[in-house]
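**Q** First the structure, which I've put down as structure tokens, then a few questions once you've had a look.
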Amino acid sequence: MLIIFLIFTVIFMIATACFGKLFHFAIQPGQVLDKLFNYQDMLERLFRSGKTYKQYLGKALGDCSMCFTSWGAFLSFWVYLFFCLKGLRFWITDILEYESGWRGDISFWGINVIWYIIYVSITAILSNTFISEKG
């Protein structure tokens, strides 16, 4: 089961990077989301608002590619978590139960935090690499 879990983890990371590339392309000036929803105008309004939280929101929504991919990786993690728990019925902390029969609070939370950091970091960097690639 662990191998299947790791395969789906890689699939989710690559799918997030591909979706990020498509979405980032679609919000560029003159592209489909910009034409339909005036996306670049919305980003410009957020940036010019002068309010810090709106400027950060604008960065996360597409002004900054690393902020954009980090936000996408964060959202992707929760979809991935839901899929693993409901679809696969397996999560990384299940290894503690299967291998040792013990589920301690510190190790349980520690593994979850470490797995979150690993997943989001790799996914954000992979997504940013996909976005920065020309072609």
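Residues are named by chain letter and number: chains run A, B, ... in the order of the structure tokens, numbers start at 1 in each chain, and ligands are numbered from 1 in the order shown.
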Skip region 115-123 of chain A itself and residues of its chain fewer than 3 positions away, then list as an mmCIF file with N, CA and C atoms, in the first residue's frame all residues within 12 Å of it, counting only C-alpha atoms.

**A**
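Contents of selection-v6.cif, as written:
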data_model
loop_
_atom_site.group_PDB
_atom_site.id
_atom_site.type_symbol
_atom_site.label_atom_id
_atom_site.label_comp_id
_atom_site.auth_asym_id
_atom_site.auth_seq_id
_atom_site.Cartn_x
_atom_site.Cartn_y
_atom_site.Cartn_z
ATOM 1 N N LEU A 6 2.822 6.359 -2.458
ATOM 2 C CA LEU A 6 3.904 7.190 -2.971
ATOM 3 C C LEU A 6 3.719 7.499 -4.454
ATOM 4 N N PHE A 8 0.790 7.815 -5.987
ATOM 5 C CA PHE A 8 -0.240 8.861 -6.046
ATOM 6 C C PHE A 8 0.295 10.200 -5.556
ATOM 7 N N THR A 9 1.226 10.181 -4.627
ATOM 8 C CA THR A 9 1.847 11.425 -4.170
ATOM 9 C C THR A 9 2.575 12.101 -5.320
ATOM 10 N N VAL A 10 3.365 11.348 -6.062
ATOM 11 C CA VAL A 10 4.092 11.900 -7.208
ATOM 12 C C VAL A 10 3.109 12.372 -8.280
ATOM 13 N N ILE A 11 2.057 11.601 -8.513
ATOM 14 C CA ILE A 11 1.041 11.999 -9.499
ATOM 15 C C ILE A 11 0.403 13.325 -9.101
ATOM 16 N N PHE A 12 0.061 13.482 -7.826
ATOM 17 C CA PHE A 12 -0.537 14.740 -7.374
ATOM 18 C C PHE A 12 0.440 15.898 -7.515
ATOM 19 N N MET A 13 1.704 15.664 -7.227
ATOM 20 C CA MET A 13 2.699 16.738 -7.366
ATOM 21 C C MET A 13 2.829 17.181 -8.823
ATOM 22 N N ILE A 14 2.924 16.231 -9.724
ATOM 23 C CA ILE A 14 3.060 16.562 -11.149
ATOM 24 C C ILE A 14 1.775 17.199 -11.671
ATOM 25 N N ALA A 15 0.623 16.684 -11.261
ATOM 26 C CA ALA A 15 -0.655 17.256 -11.703
ATOM 27 C C ALA A 15 -0.810 18.691 -11.215
ATOM 28 N N THR A 16 -0.387 18.964 -9.992
ATOM 29 C CA THR A 16 -0.442 20.333 -9.468
ATOM 30 C C THR A 16 0.462 21.256 -10.279
ATOM 31 N N ALA A 17 1.648 20.778 -10.615
ATOM 32 C CA ALA A 17 2.571 21.581 -11.414
ATOM 33 C C ALA A 17 1.990 21.856 -12.801
ATOM 34 N N CYS A 18 1.374 20.847 -13.411
ATOM 35 C CA CYS A 18 0.771 21.028 -14.739
ATOM 36 C C CYS A 18 -0.415 21.992 -14.675
ATOM 37 N N PHE A 19 -1.266 21.834 -13.671
ATOM 38 C CA PHE A 19 -2.404 22.734 -13.525
ATOM 39 C C PHE A 19 -1.922 24.163 -13.271
ATOM 40 N N GLY A 20 -0.890 24.303 -12.448
ATOM 41 C CA GLY A 20 -0.340 25.627 -12.188
ATOM 42 C C GLY A 20 0.188 26.277 -13.444
ATOM 43 N N MET A 66 6.400 32.505 -7.461
ATOM 44 C CA MET A 66 6.673 31.642 -6.304
ATOM 45 C C MET A 66 5.526 31.699 -5.298
ATOM 46 N N CYS A 67 4.950 32.880 -5.093
ATOM 47 C CA CYS A 67 3.795 32.995 -4.196
ATOM 48 C C CYS A 67 2.605 32.228 -4.766
ATOM 49 N N PHE A 68 2.423 32.348 -6.070
ATOM 50 C CA PHE A 68 1.339 31.664 -6.773
ATOM 51 C C PHE A 68 1.472 30.151 -6.642
ATOM 52 N N THR A 69 2.677 29.630 -6.853
ATOM 53 C CA THR A 69 2.866 28.185 -6.779
ATOM 54 C C THR A 69 2.803 27.680 -5.336
ATOM 55 N N SER A 70 3.231 28.493 -4.383
ATOM 56 C CA SER A 70 3.124 28.098 -2.977
ATOM 57 C C SER A 70 1.661 27.990 -2.561
ATOM 58 N N TRP A 71 0.860 28.940 -2.988
ATOM 59 C CA TRP A 71 -0.576 28.904 -2.697
ATOM 60 C C TRP A 71 -1.223 27.693 -3.368
ATOM 61 N N GLY A 72 -0.845 27.425 -4.610
ATOM 62 C CA GLY A 72 -1.372 26.259 -5.313
ATOM 63 C C GLY A 72 -0.967 24.956 -4.634
ATOM 64 N N ALA A 73 0.274 24.880 -4.151
ATOM 65 C CA ALA A 73 0.745 23.685 -3.452
ATOM 66 C C ALA A 73 -0.004 23.490 -2.136
ATOM 67 N N PHE A 74 -0.271 24.592 -1.435
ATOM 68 C CA PHE A 74 -1.038 24.526 -0.191
ATOM 69 C C PHE A 74 -2.436 23.968 -0.453
ATOM 70 N N LEU A 75 -3.121 24.501 -1.460
ATOM 71 C CA LEU A 75 -4.462 24.015 -1.781
ATOM 72 C C LEU A 75 -4.427 22.570 -2.272
ATOM 73 N N SER A 76 -3.425 22.249 -3.062
ATOM 74 C CA SER A 76 -3.281 20.892 -3.580
ATOM 75 C C SER A 76 -3.075 19.884 -2.456
ATOM 76 N N PHE A 77 -2.354 20.277 -1.419
ATOM 77 C CA PHE A 77 -2.114 19.358 -0.311
ATOM 78 C C PHE A 77 -3.420 18.909 0.326
ATOM 79 N N TRP A 78 -4.367 19.816 0.489
ATOM 80 C CA TRP A 78 -5.620 19.455 1.149
ATOM 81 C C TRP A 78 -6.482 18.568 0.250
ATOM 82 N N TYR A 80 -5.157 16.481 -1.944
ATOM 83 C CA TYR A 80 -4.379 15.243 -1.857
ATOM 84 C C TYR A 80 -4.678 14.494 -0.554
ATOM 85 N N LEU A 81 -4.708 15.204 0.553
ATOM 86 C CA LEU A 81 -5.020 14.599 1.853
ATOM 87 C C LEU A 81 -6.410 13.977 1.839
ATOM 88 N N TRP A 91 -2.816 6.792 4.844
ATOM 89 C CA TRP A 91 -2.073 8.025 5.042
ATOM 90 C C TRP A 91 -0.714 7.667 5.606
ATOM 91 N N ILE A 92 0.234 8.570 5.497
ATOM 92 C CA ILE A 92 1.612 8.304 5.884
ATOM 93 C C ILE A 92 1.727 7.884 7.355
ATOM 94 N N THR A 93 0.877 8.377 8.220
ATOM 95 C CA THR A 93 0.952 8.011 9.636
ATOM 96 C C THR A 93 0.432 6.604 9.899
ATOM 97 N N SER A 107 4.829 11.669 17.668
ATOM 98 C CA SER A 107 5.274 11.118 16.390
ATOM 99 C C SER A 107 4.202 11.287 15.321
ATOM 100 N N PHE A 108 2.942 11.163 15.711
ATOM 101 C CA PHE A 108 1.842 11.341 14.767
ATOM 102 C C PHE A 108 1.849 12.749 14.185
ATOM 103 N N TRP A 109 1.900 13.759 15.043
ATOM 104 C CA TRP A 109 1.912 15.140 14.575
ATOM 105 C C TRP A 109 3.226 15.485 13.885
ATOM 106 N N GLY A 110 4.314 14.955 14.391
ATOM 107 C CA GLY A 110 5.610 15.216 13.780
ATOM 108 C C GLY A 110 5.685 14.711 12.351
ATOM 109 N N ILE A 111 5.220 13.495 12.121
ATOM 110 C CA ILE A 111 5.225 12.936 10.767
ATOM 111 C C ILE A 111 4.303 13.736 9.855
ATOM 112 N N ASN A 112 3.129 14.134 10.352
ATOM 113 C CA ASN A 112 2.215 14.939 9.534
ATOM 114 C C ASN A 112 2.826 16.276 9.142
ATOM 115 N N LEU A 126 8.512 22.446 -7.927
ATOM 116 C CA LEU A 126 8.214 21.803 -9.210
ATOM 117 C C LEU A 126 7.277 22.677 -10.045
ATOM 118 N N SER A 127 6.251 23.230 -9.414
ATOM 119 C CA SER A 127 5.312 24.104 -10.120
ATOM 120 C C SER A 127 6.010 25.354 -10.633
ATOM 121 N N ASN A 128 6.856 25.934 -9.810
ATOM 122 C CA ASN A 128 7.575 27.138 -10.235
ATOM 123 C C ASN A 128 8.525 26.829 -11.378
ATOM 124 N N THR A 129 9.119 25.662 -11.369
ATOM 125 C CA THR A 129 9.989 25.235 -12.464
ATOM 126 C C THR A 129 9.175 25.080 -13.752
ATOM 127 N N PHE A 130 7.998 24.480 -13.636
ATOM 128 C CA PHE A 130 7.125 24.326 -14.812
ATOM 129 C C PHE A 130 6.722 25.694 -15.363
#

**Q** Quick one: DSSP alpha helix (DSSP H) residues in region 5-88 of chain A, as a ChimeraX atom specification?

**A** /A:5-26,32-37,39-48,52-58,65-82

**Q** Pick from A:Gln40, A:Leu46, A:Ile106, A:Ser65: nearest to Ile125 (chain A), with only C-alpha atoms counted?

**A** A:Ser65
